file run_33.cif (mmCIF, C-alpha atoms)
data_final
loop_
_atom_site.label_atom_id
_atom_site.label_comp_id
_atom_site.auth_asym_id
_atom_site.auth_seq_id
_atom_site.Cartn_x
_atom_site.Cartn_y
_atom_site.Cartn_z
CA MET A 7 -10.26 15.23 0.90
CA ILE A 8 -9.68 15.72 -2.82
CA ILE A 9 -6.81 18.11 -2.10
CA ILE A 10 -5.15 15.53 0.16
CA TYR A 11 -5.61 12.85 -2.51
CA ARG A 12 -4.20 15.08 -5.25
CA LYS A 13 -1.16 16.09 -3.19
CA THR A 14 -0.52 12.50 -2.16
CA ALA A 15 -0.79 11.29 -5.76
CA LEU A 16 1.61 13.98 -6.98
CA ILE A 17 4.20 13.27 -4.28
CA GLU A 18 3.94 9.53 -4.87
CA GLY A 19 4.23 10.07 -8.64
CA LEU A 20 7.31 12.21 -8.14
CA SER A 21 8.91 9.58 -5.89
CA TYR A 22 8.23 6.97 -8.60
CA LEU A 23 9.94 9.12 -11.23
CA ILE A 24 12.95 9.65 -8.95
CA LEU A 25 13.15 5.91 -8.35
CA LEU A 26 12.89 5.07 -12.07
CA PHE A 27 14.99 7.80 -13.62
CA ILE A 28 17.57 8.63 -10.96
CA ALA A 29 17.94 5.83 -8.40
CA MET A 30 17.70 2.87 -10.81
CA PRO A 31 20.22 4.28 -13.33
CA LEU A 32 22.61 5.06 -10.46
CA LYS A 33 22.36 1.44 -9.34
CA TYR A 34 22.57 -0.32 -12.70
CA PHE A 35 24.77 2.01 -14.76
CA PHE A 36 27.07 3.45 -12.11
CA ASN A 37 27.02 0.68 -9.49
CA ILE A 38 25.70 2.99 -6.75
CA PRO A 39 22.93 0.98 -5.04
CA GLU A 40 22.32 3.42 -2.18
CA GLY A 41 19.82 5.48 -4.19
CA VAL A 42 17.52 2.51 -4.67
CA LYS A 43 18.09 1.35 -1.11
CA TYR A 44 16.62 4.56 0.29
CA PHE A 45 14.13 5.54 -2.37
CA GLU A 46 12.47 2.13 -2.61
CA TRP A 47 11.24 2.27 0.98
CA ILE A 48 10.32 5.97 0.72
CA HIS A 49 8.34 5.23 -2.42
CA GLY A 50 6.75 2.19 -0.75
CA VAL A 51 5.54 4.22 2.23
CA LEU A 52 4.25 6.97 -0.06
CA PHE A 53 2.44 4.39 -2.18
CA LEU A 54 0.67 3.01 0.90
CA ILE A 55 -0.37 6.54 1.89
CA PHE A 56 -1.58 7.06 -1.69
CA LEU A 57 -3.70 3.89 -1.50
CA ILE A 58 -5.32 5.07 1.74
CA ALA A 59 -6.03 8.51 0.25
CA LEU A 60 -7.48 6.85 -2.86
CA LEU A 61 -9.74 4.63 -0.77
CA LEU A 62 -10.97 7.50 1.39
CA SER A 63 -11.59 9.71 -1.65
CA ALA A 64 -13.38 6.91 -3.47
CA ILE A 65 -15.71 6.44 -0.52
CA LYS A 66 -16.33 10.15 0.05
CA TYR A 67 -16.95 11.03 -3.60
CA ARG A 68 -18.56 7.68 -4.51
CA TRP A 69 -16.20 6.99 -7.36
CA SER A 70 -17.01 4.10 -9.66
CA LEU A 71 -14.93 0.94 -9.69
CA LYS A 72 -13.78 1.87 -13.20
CA ARG A 73 -12.45 5.20 -11.95
CA ILE A 74 -10.69 3.61 -8.97
CA ILE A 75 -9.00 1.08 -11.27
CA LEU A 76 -7.98 3.91 -13.63
CA TYR A 77 -6.26 5.73 -10.75
CA LEU A 78 -4.61 2.53 -9.52
CA VAL A 79 -3.25 1.65 -12.96
CA GLY A 80 -2.30 5.27 -13.56
CA SER A 81 -0.27 5.33 -10.36
CA VAL A 82 2.18 2.72 -11.69
CA LEU A 83 2.71 4.37 -15.08
CA PRO A 84 5.28 7.18 -15.24
CA PHE A 85 3.83 10.68 -15.73
CA VAL A 86 0.18 9.50 -15.67
CA PRO A 87 -0.48 10.76 -12.10
CA PHE A 88 0.26 14.29 -13.32
CA ILE A 89 -2.23 13.96 -16.19
CA LEU A 90 -4.89 12.56 -13.87
CA ASP A 91 -4.24 15.37 -11.38
CA LYS A 92 -4.96 17.96 -14.04
CA LYS A 93 -8.31 16.28 -14.79
CA LEU A 94 -9.18 16.08 -11.09
CA LYS A 95 -8.31 19.74 -10.61
CA GLU A 96 -10.63 20.71 -13.47
CA GLU A 97 -13.43 18.49 -12.17
CA TYR A 98 -13.31 19.57 -8.52
CA SER A 99 -12.45 23.26 -8.91
#
call {"tool": "encode", "arguments": {"input": "run_33.cif", "output": "structure tokens"}}
result
Amino acid sequence: MIIIYRKTALIEGLSYLILLFIAMPLKYFFNIPEGVKYFEWIHGVLFLIFLIALLLSAIKYRWSLKRIILYLVGSVLPFVPFILDKKLKEEYS
């Protein structure tokens, strides 16, 4: 389950970076809204999958509420999912 969670978190984190640093600038600086139009729903679906994977991992590994909140907050901050993934990889390897 931890591998599924890690992969989901990385893919979701990457979709967030694409939305923030590619799609949003295309929309607001170059007046090309299509990037946001497509990536916002892709990111939304990936975020829901991430939440399910987080919940299932939290139950299976009996993560503390503090840890769950850390991963939730980390998921909305750019680049943090990649830092947290490194720590998870070290812990569960």
call {"tool": "atom_distance", "arguments": {"input": "run_33.cif", "atom1": "CA of Val79 in chain A", "atom2": "CA of Ala59 in chain A"}}
result
15.1 Å
call {"tool": "atom_distance", "arguments": {"input": "run_33.cif", "atom1": "CA of Tyr44 in chain A", "atom2": "CA of Phe88 in chain A"}}
result
23.4 Å
call {"tool": "residues_near_point", "arguments": {"input": "run_33.cif", "point": "(8.9, 6.5, -10.0)", "cutoff": "10 Å", "atoms": "all atoms listed in the file", "output": "MDAnalysis selection string"}}
result
chainID A and resid 18:30 45:46 49 81:85
call {"tool": "resolve_selection", "arguments": {"input": "run_33.cif", "expression": "the PyMOL selection byres ((chain A and resi 60) around 10)", "output": "PyMOL selection string"}}
result
chain A and resi 7-8+10-12+14-15+54-59+61-66+69+74+77-78
call {"tool": "resolve_selection", "arguments": {"input": "run_33.cif", "expression": "the PyMOL selection byres ((chain A and resi 90-92) around 9)", "output": "list in words"}}
result
Arg12, Lys13, Ala15, Leu16, Tyr77, Gly80, Val86, Pro87, Phe88, Ile89, Lys93, Leu94, Lys95, Glu96 and Glu97 of chain A
call {"tool": "write_last_selection", "arguments": {"input": "run_33.cif", "atoms": "C-alpha atoms", "output": "compact mmCIF listing (two decimals), keeping the file's coordinate frame"}}
result
# COMPACT_ATOMS: atom_id res chain seq x y z
CA ARG A 12 -4.20 15.08 -5.25
CA LYS A 13 -1.16 16.09 -3.19
CA ALA A 15 -0.79 11.29 -5.76
CA LEU A 16 1.61 13.98 -6.98
CA TYR A 77 -6.26 5.73 -10.75
CA GLY A 80 -2.30 5.27 -13.56
CA VAL A 86 0.18 9.50 -15.67
CA PRO A 87 -0.48 10.76 -12.10
CA PHE A 88 0.26 14.29 -13.32
CA ILE A 89 -2.23 13.96 -16.19
CA LYS A 93 -8.31 16.28 -14.79
CA LEU A 94 -9.18 16.08 -11.09
CA LYS A 95 -8.31 19.74 -10.61
CA GLU A 96 -10.63 20.71 -13.47
CA GLU A 97 -13.43 18.49 -12.17
call {"tool": "atom_distance", "arguments": {"input": "run_33.cif", "atom1": "CA of Arg73 in chain A", "atom2": "CA of Ile17 in chain A"}}
result
20.0 Å
